[in-house]
Amino acid sequence: GGNVTAAFLAQRGSEPTGPLVNSEFYTGWLDHWGHRHSVVPTQTIAKTLNEILARGANVNLYMFIGGTNFAYWNGANMPYMPQPTSYDYDAPLSEAGDLTEKYFALREVIGMYKQLPEGLIPPTTPKFAYGKVRLQKVGTVVEVLDGLSPVGPVKSTYPLTFVQLKQYFGFVLYRTMLPKNCTEPTQLSSPLNGVHDRAYVSVDGVPQGVLERDKSLTINITGKAGANLDILVENMGRVNFGRYNNDFKGLVSNLTLDQDILVEWEIYPLDIDGAVNHHINGHLDRPKKSVGNPWSYEGPTFYTGRLSIPGGIPDLPQDTYVKFPGWTKGQIWINGFNLGRYWPARGPQLTLFVPRNILVSSVPNNITVLELECSPCST
């Protein structure tokens, strides 16, 4: 949608001869959690592409097909805005490879300058709705900590970053003891905005609240002296553009309790993907100890379930989407494959794309969910 003439004049200013090139012609734009889904009108993209090709210029469409930031692979921009699992990008071919109105409009423009391939256009892939999956609570992160961090904690007077722990993605649990009684609500703070990027706080297993980079730097907590103060820190994605891309994760500066610096930490790097891939049910069926209210489901908790592909229907499994009605924020694995983050409470992404190749029809598919805040499950 920019001024094509001005853009190529700028190129000629530094490169007087040679081919005209637009190496990143944006067909849409990326999303960020908590912002509206980005859409660039089809007619705007088609008009600009026509202007580029009319000048005999070369062009690379970014993106031509949308994609998915599986697992923890999403990036972020500054001021800190993490990107969601979907990288659909409002591209001519969707995240699932589906044909769109934009695809046909751009195809028509290209056909004005180049001969199009003969034959049928491959159709949009079929999708299948498999129905609901019943999930059952398996255990909280604190309850199953030994299975998630088999090597045990690293001890440090002050917090260490993910990089110092050689934990480059995912989650780390930071634990210290409350140095005093907090019978009245007491301020737990990150005065230097040092939570990178989101921290789920509990005291002896009782959820206290969430600290979040740039957004929530102080919460009130209660608990007795000597109680375990657990800070589960999530790496929400690294800044991957510009001068802020040295983006360290974890507790990158000290936390304070009523202005007193908290010290003497036990720090647990969590290998959640490893636990999931080694049959998390076996690790989690019998938590070593139960803490807090056993009927409280608010706080980082694992759930598991199974999905059976119906028989008697040809060409299954097919691509699908997973929806999270009533869920808040977390991570989901299917057959050990880390599908990515969900966060319908913040949006804009409400469903996660599930490619058919991670599903199986011969046995039930294992579903593992780590809900970080609050789920609709009662059991």
# chains A, B, ... in the order shown; residues from 1 in each chain; ligands from 1
call {"tool": "residues_around", "arguments": {"residues": "range 43-51 of chain A", "least_positions_apart": "3", "cutoff": "10 Å", "atoms": "only C-alpha atoms", "output": "list in words"}}
result
Gly1, Gly2, Asn3, Val4, Thr5, Phe25, Tyr26, Thr27, Gly28, Val40, Ala54, Arg55, Gly56, Ala57, Val59, Leu61, Glu101, Lys102, Tyr103, Phe104, Ala105, Leu106, Arg107, Glu108, Val109, Ile110, Met112 and Tyr113 of chain A
call {"tool": "residues_around", "arguments": {"residues": "Ala227 in chain A", "least_positions_apart": "4", "cutoff": "8 Å", "atoms": "only C-alpha atoms", "output": "list in words"}}
result
Met177, Leu178, Val203, Asp204 and Gly223 of chain A
call {"tool": "write_last_selection", "arguments": {"atoms": "all heavy atoms", "output": "PDB file, in the first residue's frame"}}
result
ATOM      1  N   MET A 177      12.189 -18.945  50.199  1.00  0.00           N
ATOM      2  CA  MET A 177      11.282 -18.996  51.340  1.00  0.00           C
ATOM      3  C   MET A 177      10.880 -17.586  51.749  1.00  0.00           C
ATOM      4  O   MET A 177      11.704 -16.658  51.696  1.00  0.00           O
ATOM      5  CB  MET A 177      11.934 -19.729  52.520  1.00  0.00           C
ATOM      6  CG  MET A 177      12.114 -21.225  52.281  1.00  0.00           C
ATOM      7  SD  MET A 177      12.518 -22.135  53.798  1.00  0.00           S
ATOM      8  CE  MET A 177      14.033 -21.343  54.288  1.00  0.00           C
ATOM      9  N   LEU A 178       9.638 -17.443  52.173  1.00  0.00           N
ATOM     10  CA  LEU A 178       9.215 -16.148  52.687  1.00  0.00           C
ATOM     11  C   LEU A 178      10.037 -15.831  53.934  1.00  0.00           C
ATOM     12  O   LEU A 178      10.076 -16.624  54.879  1.00  0.00           O
ATOM     13  CB  LEU A 178       7.728 -16.161  53.036  1.00  0.00           C
ATOM     14  CG  LEU A 178       6.740 -16.142  51.863  1.00  0.00           C
ATOM     15  CD1 LEU A 178       5.303 -16.106  52.393  1.00  0.00           C
ATOM     16  CD2 LEU A 178       6.987 -14.962  50.947  1.00  0.00           C
ATOM     17  N   VAL A 203       2.296 -19.434  46.887  1.00  0.00           N
ATOM     18  CA  VAL A 203       2.921 -19.615  48.196  1.00  0.00           C
ATOM     19  C   VAL A 203       2.401 -20.925  48.773  1.00  0.00           C
ATOM     20  O   VAL A 203       1.198 -21.081  48.989  1.00  0.00           O
ATOM     21  CB  VAL A 203       2.595 -18.439  49.140  1.00  0.00           C
ATOM     22  CG1 VAL A 203       3.135 -18.724  50.540  1.00  0.00           C
ATOM     23  CG2 VAL A 203       3.191 -17.136  48.610  1.00  0.00           C
ATOM     24  N   ASP A 204       3.311 -21.869  48.995  1.00  0.00           N
ATOM     25  CA  ASP A 204       2.936 -23.212  49.426  1.00  0.00           C
ATOM     26  C   ASP A 204       1.793 -23.771  48.580  1.00  0.00           C
ATOM     27  O   ASP A 204       0.840 -24.371  49.074  1.00  0.00           O
ATOM     28  CB  ASP A 204       2.553 -23.227  50.912  1.00  0.00           C
ATOM     29  CG  ASP A 204       3.773 -23.437  51.812  1.00  0.00           C
ATOM     30  OD1 ASP A 204       4.876 -23.722  51.277  1.00  0.00           O
ATOM     31  OD2 ASP A 204       3.635 -23.304  53.041  1.00  0.00           O
ATOM     32  N   GLY A 223       1.207 -15.248  53.329  1.00  0.00           N
ATOM     33  CA  GLY A 223       1.809 -16.531  53.683  1.00  0.00           C
ATOM     34  C   GLY A 223       2.617 -16.409  54.952  1.00  0.00           C
ATOM     35  O   GLY A 223       2.895 -15.308  55.431  1.00  0.00           O
TER      36      GLY A 223
END
call {"tool": "closest_residue", "arguments": {"among": "A:Phe171, A:Tyr89, A:Met63, A:Gly18", "to": "Ser38 in chain A", "atoms": "only C-alpha atoms"}}
result
A:Tyr89
call {"tool": "atom_distance", "arguments": {"atom1": "CA of Gly67 in chain A", "atom2": "CA of Thr124 in chain A"}}
result
15.1 Å
call {"tool": "residues_around", "arguments": {"residues": "Asn240 in chain A", "least_positions_apart": "3", "cutoff": "12 Å", "atoms": "only C-alpha atoms", "output": "PyMOL selection string"}}
result
chain A and resi 73-78+80-83+237+243-248
call {"tool": "select_by_dssp", "arguments": {"residues": "range 95-260 of chain A", "states": "alpha helix (DSSP H)", "output": "ChimeraX atom specification"}}
result
/A:101-111,145-148
call {"tool": "select_by_dssp", "arguments": {"residues": "range 123-358 of chain A", "states": "strand (DSSP E or B)", "output": "PyMOL selection string"}}
result
chain A and resi 127+136-140+154-156+161+171-177+182-189+195-196+198-203+206-212+216+218-223+228-234+238-239+250-251+256-257+260-261+265-269+301-307+319-323+330-334+337-342+351-354
call {"tool": "atom_distance", "arguments": {"atom1": "CA of Pro179 in chain A", "atom2": "CA of Val201 in chain A"}}
result
15.9 Å
call {"tool": "residues_around", "arguments": {"residues": "Arg36 in chain A", "least_positions_apart": "6", "cutoff": "12 Å", "atoms": "only C-alpha atoms", "output": "ChimeraX atom specification"}}
result
/A:29-30,83-84,346-350
call {"tool": "write_last_selection", "arguments": {"atoms": "C-alpha atoms", "output": "mmCIF file, in the first residue's frame"}}
result
data_model
loop_
_atom_site.group_PDB
_atom_site.id
_atom_site.type_symbol
_atom_site.label_atom_id
_atom_site.label_comp_id
_atom_site.auth_asym_id
_atom_site.auth_seq_id
_atom_site.Cartn_x
_atom_site.Cartn_y
_atom_site.Cartn_z
ATOM 1 C CA TRP A 29 0.991 -8.445 8.778
ATOM 2 C CA LEU A 30 1.728 -10.423 11.922
ATOM 3 C CA GLN A 83 3.461 -12.952 18.783
ATOM 4 C CA PRO A 84 0.924 -15.778 18.989
ATOM 5 C CA ARG A 346 -6.292 -12.293 25.628
ATOM 6 C CA GLY A 347 -6.610 -13.162 21.927
ATOM 7 C CA PRO A 348 -6.748 -12.479 19.073
ATOM 8 C CA GLN A 349 -5.993 -16.147 18.359
ATOM 9 C CA LEU A 350 -8.764 -18.423 19.628
#
